[in-house]
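A.B. asks: Below you'll find the structure I mean.
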Amino acid sequence: MGRLVTGAENPTVLYVSGGNTQVIAYLQRRYRIFGETIDIAVGNCLDRFARVLKLSNDPSPGYNIEQLAKRGKKFLELPYAVKGMDVSFSGLLSYIEEKAPGLVESGEYTPEDLCFSLQETVFAMLVEITERAMAHCGSQEVMIVGGVGCNERLQQMMEVMAKERGALLYATDERFCIDNGAMIAQAGYLMYKSGQTTPLVDTWCTQRFRTDEVEVTWRD
Amino acid sequence: MAAPMDVSGENVRKFIKQGAEAKVYAENFYGRPCISKERFSKGYRHPTLDKSLTLQRLKAEIRAMSKCRNLGIPVPTLYFVDTSTSTFYMEEIVNSQTVRDYIVSIQTSDPDGAMQKLSPLAEKIGKILSKMHCGKVIHGDLTTSNMLLRGDPSDLDIVLIDFGLSFSEGLAEDKGVDLYVFERALLSTHPNTEELFKVVIEAYKKENVKESADAISKLDEVRMRGRKRTMVG
Ligand SMILES: Nc1ncnc2c1ncn2[C@@H]1O[C@H](COP(=O)(O)OP(=O)(O)OP(=O)(O)O)[C@@H](O)[C@H]1O
Ligand SMILES: [Mg+2]
């Protein structure tokens with residue numbers, strides 16, 4: 001889907017949403033997961049922190065963190081956990097969950113500062129594993145998909161990383177970041193074109209597939 | 001101490017590779033072939049975080065290299081550390097190739113016999129990792145690019161490198177994750193190596209039956225966590 005919208009040839013993909021955190025690249029007929037979270041997803045981590053700060057769910061906790069983070073200034077160092085091409089957020093989350101109330105109460109850090117520090121840290125981890133996967137695969141294109149991909153700071157950091165390696169960031173806009181219907185339709189169309197057909201009665205939707213379970217018949 | 005480059009009048013720094021966070025050069029250290037690894041700063045990171053990570057990783061790398069040396073695990077000899085440029089200088093493992101390149105070459109030249117040919121190598125890897133974990137070193141970035149094969153591949157003379165993400169820890173959880181990272185790296189880089197990884201694990205167990213059991217049950221647990229995660233976005 002992302003390739004259709006952006007015209008990218010063979011990008012390394014960072015897929016970040018409430019339930020998923022994966023770095024995906026295409027190799028030998030399968031989308032392979034090079035990196036992923038070994039515990040909770042990044043969106044989940046942000047949502048849970050929003051709850052600690054009692055931020056509103058409207059329009060989404062992640063959006064509200066992003067807005068507060070724009071006004072944050074003071075950086076608090078948080079646990080940073082990159083393991084090979086995988087990441088872990090649970091240690092960071094329990095650390096900041098435990099510390100946040102006290103830090104805000106004492107006036108040492110504002111909620112804005114904490115949102116800023118959290119974003120800077122988790123996004124740095126995501127950009128780092130994406131860069132590791134790119135170095136590993138020799139890829140010069142990168143793309144962000146999934147709900148958290150709408151975050152402008154994450155896009156900006158990815159852009160800087162891409163520039164520094166002489167690579168290109170392909171942006172998919174909000175409409176496609178979150179529209180699963182359009183993604184399924186596009187995947188179905190590609191499968192049909194490659195001669196893989198399913199009678200309509202046997203056709204249904206499942207979210208059960210992991211990214212690397214599906215054999216890709218529509219690409220070389 | 002003067003910068004080592006000044007001493008040899010004819011030192012030429014030859015750029016080898018830019019990884020994700022470091023530039024690697026081949027040069028010459030008082031007449032010896034040497035590899036230097038320079039971590040550079042990342043524009044996308046907050047400056048405080050950037051400085052802290054760069055220094056942390058330089059320290060982690062040299063600490064783990066000396067620890068492994070004491071444990072009898074082959075690593076390049078450390079020559080010199082320059083914190084001002086986040087660079088360290090180490091012995092060049094001459095006449096070597098990465099395990100990654102070796103596996104690729106065997107899988108290409110003999111796809112059917114690859115498993116059998118690579119088995120002794122996998123066994124050796126399992127043995128080394130077990131020894132390293134018993135010595136409380138967690139590598140943090142186990143991939144087939146971070147293992148060199150020195151000399152004739154049939155000698156199985158493996159040298160471990162790239163310890164920037166390493167730390168010193170004896171917990172089964174960390175060992176399990178270290179093995180999981182290696183499994184993922186192996187399977188995603190080299191298709192059809194599931195059996196090969198089993199050989200690694202068998203040898204890992206055999207090397208230290210007592211301590212490996214917990215690490216391996218953690219490996220299973222970490223894998224399950226991955227599988228259980230649904231794809232519901
Ligand atoms: N001592 C050495 N002798 C010979 N070759 C080496 C040596 N050290 C590194 N190399 C070569 O350089 C490559 C990159 O080195 P290394 O893995 O340390 O850096 P990197 O992967 O760029 O680092 P990072 O993962 O921290 O970004 C290795 O895969 C290997 O081919
Ligand atoms: Mg490396």
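In the structure tokens, the first chain shown is A, the next is B, and so on; residue numbers restart at 1 for each chain, and ligands run from 1 in the order shown.
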Using only C-alpha atoms and all ligand atoms, what are the residues with an atom within 7 Å of ligand 1, set out as a PyMOL selection string?

C.D. replies: chain B and resi 16-24+35+37+76+90-94+96-98+145-146+161-162+164

A.B. asks: Could you save those same residues with N, CA, C and O atoms as an mmCIF file, in the first residue's frame?

C.D. replies:
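Generated output (part_4.cif):
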```
data_model
loop_
_atom_site.group_PDB
_atom_site.id
_atom_site.type_symbol
_atom_site.label_atom_id
_atom_site.label_comp_id
_atom_site.auth_asym_id
_atom_site.auth_seq_id
_atom_site.Cartn_x
_atom_site.Cartn_y
_atom_site.Cartn_z
ATOM 1 N N ILE B 16 36.434 1.772 5.542
ATOM 2 C CA ILE B 16 35.935 0.430 5.223
ATOM 3 C C ILE B 16 34.425 0.398 5.123
ATOM 4 O O ILE B 16 33.860 -0.117 4.178
ATOM 5 N N LYS B 17 33.791 0.968 6.126
ATOM 6 C CA LYS B 17 32.349 0.777 6.156
ATOM 7 C C LYS B 17 31.680 1.768 7.091
ATOM 8 O O LYS B 17 32.243 2.124 8.115
ATOM 9 N N GLN B 18 30.508 2.222 6.726
ATOM 10 C CA GLN B 18 29.715 3.011 7.654
ATOM 11 C C GLN B 18 28.532 2.192 8.108
ATOM 12 O O GLN B 18 27.674 1.831 7.321
ATOM 13 N N GLY B 19 28.522 1.867 9.382
ATOM 14 C CA GLY B 19 27.395 1.119 9.933
ATOM 15 C C GLY B 19 26.316 2.089 10.347
ATOM 16 O O GLY B 19 26.233 3.205 9.840
ATOM 17 N N ALA B 20 25.486 1.656 11.280
ATOM 18 C CA ALA B 20 24.392 2.509 11.715
ATOM 19 C C ALA B 20 24.893 3.672 12.554
ATOM 20 O O ALA B 20 24.338 4.757 12.500
ATOM 21 N N GLU B 21 25.955 3.461 13.306
ATOM 22 C CA GLU B 21 26.353 4.539 14.206
ATOM 23 C C GLU B 21 27.847 4.787 14.234
ATOM 24 O O GLU B 21 28.317 5.591 15.015
ATOM 25 N N ALA B 22 28.575 4.063 13.415
ATOM 26 C CA ALA B 22 30.015 4.215 13.477
ATOM 27 C C ALA B 22 30.636 4.120 12.086
ATOM 28 O O ALA B 22 30.081 3.484 11.195
ATOM 29 N N LYS B 23 31.775 4.786 11.945
ATOM 30 C CA LYS B 23 32.565 4.611 10.736
ATOM 31 C C LYS B 23 33.738 3.709 11.089
ATOM 32 O O LYS B 23 34.364 3.869 12.131
ATOM 33 N N VAL B 24 34.011 2.766 10.227
ATOM 34 C CA VAL B 24 35.086 1.822 10.487
ATOM 35 C C VAL B 24 36.198 2.039 9.460
ATOM 36 O O VAL B 24 35.924 2.121 8.262
ATOM 37 N N ILE B 35 42.192 -1.653 13.039
ATOM 38 C CA ILE B 35 40.854 -1.175 12.654
ATOM 39 C C ILE B 35 40.463 -0.102 13.664
ATOM 40 O O ILE B 35 40.624 -0.296 14.865
ATOM 41 N N LYS B 37 37.306 2.412 14.979
ATOM 42 C CA LYS B 37 35.856 2.541 14.928
ATOM 43 C C LYS B 37 35.475 3.845 15.603
ATOM 44 O O LYS B 37 35.716 4.038 16.785
ATOM 45 N N PRO B 76 39.181 -9.048 19.092
ATOM 46 C CA PRO B 76 40.371 -8.311 18.668
ATOM 47 C C PRO B 76 41.058 -7.684 19.880
ATOM 48 O O PRO B 76 40.386 -7.294 20.843
ATOM 49 N N MET B 90 41.723 -1.104 17.396
ATOM 50 C CA MET B 90 41.903 -2.506 17.780
ATOM 51 C C MET B 90 42.646 -3.255 16.683
ATOM 52 O O MET B 90 42.781 -2.767 15.556
ATOM 53 N N GLU B 91 43.102 -4.414 17.056
ATOM 54 C CA GLU B 91 43.772 -5.306 16.117
ATOM 55 C C GLU B 91 42.869 -5.593 14.916
ATOM 56 O O GLU B 91 41.678 -5.841 15.082
ATOM 57 N N GLU B 92 43.414 -5.555 13.734
ATOM 58 C CA GLU B 92 42.645 -6.005 12.572
ATOM 59 C C GLU B 92 42.737 -7.527 12.499
ATOM 60 O O GLU B 92 43.823 -8.097 12.583
ATOM 61 N N ILE B 93 41.593 -8.166 12.391
ATOM 62 C CA ILE B 93 41.607 -9.615 12.224
ATOM 63 C C ILE B 93 41.882 -9.877 10.745
ATOM 64 O O ILE B 93 40.973 -9.811 9.915
ATOM 65 N N VAL B 94 43.154 -10.114 10.451
ATOM 66 C CA VAL B 94 43.519 -10.249 9.039
ATOM 67 C C VAL B 94 43.123 -11.624 8.526
ATOM 68 O O VAL B 94 42.950 -12.573 9.293
ATOM 69 N N SER B 96 40.281 -12.640 7.286
ATOM 70 C CA SER B 96 39.030 -13.097 7.878
ATOM 71 C C SER B 96 37.850 -12.685 7.010
ATOM 72 O O SER B 96 37.968 -11.839 6.139
ATOM 73 N N GLN B 97 36.719 -13.325 7.255
ATOM 74 C CA GLN B 97 35.469 -12.921 6.619
ATOM 75 C C GLN B 97 34.380 -12.964 7.680
ATOM 76 O O GLN B 97 34.537 -13.619 8.714
ATOM 77 N N THR B 98 33.271 -12.273 7.434
ATOM 78 C CA THR B 98 32.192 -12.351 8.417
ATOM 79 C C THR B 98 31.487 -13.699 8.260
ATOM 80 O O THR B 98 31.470 -14.292 7.182
ATOM 81 N N SER B 145 26.982 -10.739 11.120
ATOM 82 C CA SER B 145 28.007 -9.773 10.687
ATOM 83 C C SER B 145 28.952 -9.437 11.823
ATOM 84 O O SER B 145 30.012 -8.865 11.598
ATOM 85 N N ASN B 146 28.534 -9.741 13.031
ATOM 86 C CA ASN B 146 29.366 -9.386 14.174
ATOM 87 C C ASN B 146 30.194 -10.565 14.680
ATOM 88 O O ASN B 146 30.662 -10.582 15.806
ATOM 89 N N ILE B 161 32.950 -9.489 17.560
ATOM 90 C CA ILE B 161 33.187 -8.040 17.517
ATOM 91 C C ILE B 161 31.881 -7.282 17.797
ATOM 92 O O ILE B 161 30.842 -7.890 17.987
ATOM 93 N N ASP B 162 32.000 -5.954 17.806
ATOM 94 C CA ASP B 162 30.838 -5.054 17.870
ATOM 95 C C ASP B 162 30.047 -5.176 19.174
ATOM 96 O O ASP B 162 28.881 -5.558 19.169
ATOM 97 N N GLY B 164 29.117 -2.717 21.241
ATOM 98 C CA GLY B 164 28.585 -1.423 21.684
ATOM 99 C C GLY B 164 27.302 -1.509 22.508
ATOM 100 O O GLY B 164 27.035 -0.656 23.339
#
```

A.B. asks: Counting only C-alpha atoms, what is within 9 Å of Gly135 of chain B, bar same-chain residues fewer than 6 positions away, as a ChimeraX atom specification?

C.D. replies: /B:67-68,71,168-170

A.B. asks: Please, could you write that set of residues out with C-alpha atoms as an mmCIF file, in the first residue's frame?

C.D. replies:
```cif
data_model
loop_
_atom_site.group_PDB
_atom_site.id
_atom_site.type_symbol
_atom_site.label_atom_id
_atom_site.label_comp_id
_atom_site.auth_asym_id
_atom_site.auth_seq_id
_atom_site.Cartn_x
_atom_site.Cartn_y
_atom_site.Cartn_z
ATOM 1 C CA LYS B 67 36.139 -9.182 29.776
ATOM 2 C CA CYS B 68 35.850 -11.614 26.887
ATOM 3 C CA LEU B 71 37.199 -15.426 29.623
ATOM 4 C CA SER B 168 27.484 -7.122 32.175
ATOM 5 C CA GLU B 169 24.638 -9.171 33.562
ATOM 6 C CA GLY B 170 23.986 -12.668 34.792
#
```

A.B. asks: Would you kindly report the residues of chain A within 6 Å of chain B, using only C-alpha atoms, as a list in words?

C.D. replies: Ser17, Gly18, Gly19, Lys83, Gly84, Ala124, Glu131, Arg132, Ala135, Met157, Val160, Gln207 and Arg208 of chain A

A.B. asks: For those residues, write N, CA and C atoms to a file as an mmCIF file, in the first residue's frame.

C.D. replies:
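Below is the file that was written, selection.cif:
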```cif
data_model
loop_
_atom_site.group_PDB
_atom_site.id
_atom_site.type_symbol
_atom_site.label_atom_id
_atom_site.label_comp_id
_atom_site.auth_asym_id
_atom_site.auth_seq_id
_atom_site.Cartn_x
_atom_site.Cartn_y
_atom_site.Cartn_z
ATOM 1 N N SER A 17 2.079 1.425 15.660
ATOM 2 C CA SER A 17 0.684 1.713 15.990
ATOM 3 C C SER A 17 0.444 1.343 17.444
ATOM 4 N N GLY A 18 -0.838 1.360 17.839
ATOM 5 C CA GLY A 18 -1.164 1.016 19.218
ATOM 6 C C GLY A 18 -0.755 -0.399 19.579
ATOM 7 N N GLY A 19 -0.849 -1.306 18.618
ATOM 8 C CA GLY A 19 -0.565 -2.711 18.921
ATOM 9 C C GLY A 19 0.708 -3.231 18.288
ATOM 10 N N LYS A 83 17.932 -3.573 21.640
ATOM 11 C CA LYS A 83 18.577 -4.890 21.704
ATOM 12 C C LYS A 83 18.706 -5.414 20.293
ATOM 13 N N GLY A 84 19.897 -5.299 19.736
ATOM 14 C CA GLY A 84 20.058 -5.653 18.333
ATOM 15 C C GLY A 84 19.164 -4.758 17.501
ATOM 16 N N ALA A 124 13.819 8.115 19.325
ATOM 17 C CA ALA A 124 15.238 7.859 19.018
ATOM 18 C C ALA A 124 15.485 6.358 18.909
ATOM 19 N N GLU A 131 17.333 2.555 11.324
ATOM 20 C CA GLU A 131 18.623 2.800 10.674
ATOM 21 C C GLU A 131 19.481 1.537 10.674
ATOM 22 N N ARG A 132 19.425 0.791 11.771
ATOM 23 C CA ARG A 132 20.184 -0.459 11.831
ATOM 24 C C ARG A 132 19.720 -1.422 10.747
ATOM 25 N N ALA A 135 21.012 -0.213 7.380
ATOM 26 C CA ALA A 135 22.439 -0.509 7.212
ATOM 27 C C ALA A 135 22.614 -1.996 6.919
ATOM 28 N N MET A 157 12.417 13.362 12.836
ATOM 29 C CA MET A 157 13.643 12.653 13.234
ATOM 30 C C MET A 157 14.060 11.652 12.152
ATOM 31 N N VAL A 160 15.750 13.453 9.310
ATOM 32 C CA VAL A 160 17.143 13.809 9.590
ATOM 33 C C VAL A 160 18.043 12.584 9.434
ATOM 34 N N GLN A 207 -7.253 -10.361 11.092
ATOM 35 C CA GLN A 207 -6.079 -9.571 11.450
ATOM 36 C C GLN A 207 -5.036 -10.496 12.039
ATOM 37 N N ARG A 208 -5.291 -11.773 11.855
ATOM 38 C CA ARG A 208 -4.500 -12.744 12.557
ATOM 39 C C ARG A 208 -3.107 -12.903 11.963
#
```

A.B. asks: Just to confirm, what's the straight-line distance from atom CA of Arg71 of chain A to atom CA of Glu112 of chain A in Å (one decimal)?

C.D. replies: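 That distance, rounded to one decimal, is 5.8 Å.
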
A.B. asks: Figure out the distance between atom CA of Asn70 of chain B and atom CA of Tyr89 of chain B, please, to one decimal in Å.

C.D. replies: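 Taking atom CA of Tyr89 of chain B as the start and atom CA of Asn70 of chain B as the end point, the length is 18.8 Å.
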
A.B. asks: Quick one: pick out all strand (DSSP E or B) residues within segment 59-176 of chain B from a backbone DSSP run and write them as a short mmCIF file (atom, residue, chain, number, x, y, z; two decimals) with N, CA and C atoms, in the first residue's frame.

C.D. replies:
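Wrote it out as selection-v4.cif, contents follow:
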```cif
data_model
loop_
_atom_site.label_atom_id
_atom_site.label_comp_id
_atom_site.auth_asym_id
_atom_site.auth_seq_id
_atom_site.Cartn_x
_atom_site.Cartn_y
_atom_site.Cartn_z
N LEU B 78 42.57 -4.85 22.01
CA LEU B 78 42.33 -3.42 22.07
C LEU B 78 43.67 -2.68 22.08
N TYR B 79 43.80 -1.66 21.24
CA TYR B 79 45.07 -0.92 21.19
C TYR B 79 45.01 0.41 21.91
N PHE B 80 43.96 1.17 21.65
CA PHE B 80 43.96 2.54 22.12
C PHE B 80 42.55 3.11 22.10
N VAL B 81 42.23 3.93 23.11
CA VAL B 81 40.90 4.55 23.16
C VAL B 81 41.04 6.06 23.19
N ASP B 82 40.29 6.74 22.36
CA ASP B 82 40.32 8.20 22.33
C ASP B 82 38.90 8.71 22.56
N THR B 87 36.55 7.30 19.54
CA THR B 87 37.15 6.31 18.64
C THR B 87 37.97 5.32 19.44
N PHE B 88 37.94 4.06 19.03
CA PHE B 88 38.91 3.15 19.60
C PHE B 88 39.60 2.37 18.49
N TYR B 89 40.80 1.94 18.82
CA TYR B 89 41.66 1.26 17.85
C TYR B 89 41.88 -0.16 18.31
N MET B 90 41.72 -1.10 17.40
CA MET B 90 41.90 -2.51 17.78
C MET B 90 42.65 -3.26 16.68
N GLU B 91 43.10 -4.41 17.06
CA GLU B 91 43.77 -5.31 16.12
C GLU B 91 42.87 -5.59 14.92
N SER B 96 40.28 -12.64 7.29
CA SER B 96 39.03 -13.10 7.88
C SER B 96 37.85 -12.69 7.01
N GLN B 97 36.72 -13.32 7.25
CA GLN B 97 35.47 -12.92 6.62
C GLN B 97 34.38 -12.96 7.68
N THR B 98 33.27 -12.27 7.43
CA THR B 98 32.19 -12.35 8.42
C THR B 98 31.49 -13.70 8.26
N VAL B 137 28.64 -11.83 30.31
CA VAL B 137 28.67 -10.82 29.26
C VAL B 137 27.47 -11.04 28.35
N ILE B 138 26.64 -9.99 28.21
CA ILE B 138 25.54 -10.01 27.25
C ILE B 138 25.99 -9.18 26.06
N MET B 147 30.35 -11.55 13.81
CA MET B 147 31.24 -12.68 14.09
C MET B 147 32.16 -12.84 12.90
N LEU B 148 33.46 -12.86 13.17
CA LEU B 148 34.42 -13.04 12.08
C LEU B 148 34.95 -14.47 12.12
N LEU B 149 35.24 -14.99 10.94
CA LEU B 149 35.86 -16.31 10.82
C LEU B 149 37.29 -16.08 10.34
N ARG B 150 38.23 -16.45 11.17
CA ARG B 150 39.63 -16.15 10.84
C ARG B 150 40.28 -17.35 10.15
N ASP B 157 37.62 -20.77 13.69
CA ASP B 157 38.23 -19.78 14.58
C ASP B 157 37.39 -18.50 14.55
N ILE B 158 36.42 -18.45 15.46
CA ILE B 158 35.47 -17.34 15.47
C ILE B 158 35.95 -16.22 16.39
N VAL B 159 35.87 -14.99 15.89
CA VAL B 159 36.23 -13.82 16.69
C VAL B 159 34.99 -12.93 16.80
N LEU B 160 34.59 -12.62 18.03
CA LEU B 160 33.41 -11.77 18.23
C LEU B 160 33.79 -10.29 18.19
N PHE B 167 26.40 -5.42 27.83
CA PHE B 167 26.44 -5.06 29.24
C PHE B 167 26.74 -6.30 30.05
N SER B 168 27.07 -6.04 31.32
CA SER B 168 27.48 -7.12 32.17
C SER B 168 26.31 -7.54 33.03
#
```

A.B. asks: Which is closest to ligand 2 among B:Val99, B:Cys134, B:Ile106, B:Ile73, if we use only C-alpha atoms and all ligand atoms?

C.D. replies: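 Nearest candidate to ligand 2 out of B:Val99, B:Cys134, B:Ile106, B:Ile73: B:Val99.
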
A.B. asks: Could you tell me which of B:Arg100, B:Lys51, B:Arg69, B:Lys14 comes closest to ligand 2 if we count only C-alpha atoms and all ligand atoms?

C.D. replies: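 Looking at the shortest contact to ligand 2, the residue is B:Arg100.
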
A.B. asks: So which residues touch Leu93 of chain A within 12 Å, counting only C-alpha atoms, skipping near sequence neighbours fewer than 5 positions away, as a compact mmCIF listing (two decimals) with C-alpha atoms, in the first residue's frame?

C.D. replies:
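Saved as selection.txt:
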```
# COMPACT_ATOMS: atom_id res chain seq x y z
CA ASP A 39 7.32 -6.35 25.04
CA ILE A 40 4.76 -3.56 24.56
CA ALA A 41 4.05 -1.53 21.41
CA VAL A 42 5.10 2.08 21.23
CA GLY A 43 1.53 3.34 20.92
CA ASN A 44 0.60 1.41 24.00
CA CYS A 45 3.52 2.95 25.88
CA LEU A 46 2.45 6.48 24.91
CA ASP A 47 -1.21 5.82 25.77
CA ARG A 48 -0.35 4.48 29.18
CA PHE A 49 1.83 7.44 29.94
CA ALA A 50 -0.97 9.78 28.85
CA ARG A 51 -3.11 8.09 31.50
CA VAL A 52 -0.48 8.79 34.17
CA LEU A 78 15.15 7.86 30.56
CA PRO A 79 16.09 4.19 30.23
CA TYR A 80 17.00 3.50 26.61
CA ALA A 81 16.66 -0.11 25.51
CA SER A 88 11.88 -2.75 24.68
CA GLU A 98 6.88 5.71 38.93
CA LYS A 99 8.82 8.98 38.73
CA ALA A 100 6.42 11.26 36.91
CA LEU A 114 8.09 14.75 30.45
CA LEU A 118 9.44 10.50 26.48
CA GLN A 119 8.97 11.26 22.79
CA THR A 121 13.67 8.84 23.85
CA VAL A 122 11.20 6.37 22.34
```

A.B. asks: Do you have the atom CA of Arg63 of chain B-atom CA of Ser117 of chain A distance handy?

C.D. replies: 28.7 Å

A.B. asks: Using DSSP on the backbone coordinates, identify all residues within segment 72-181 of chain A classified as helix (DSSP H, G or I); present the result as a ChimeraX atom specification.

C.D. replies: /A:90-105,111-137,147-150,152-164,174-177,180-181
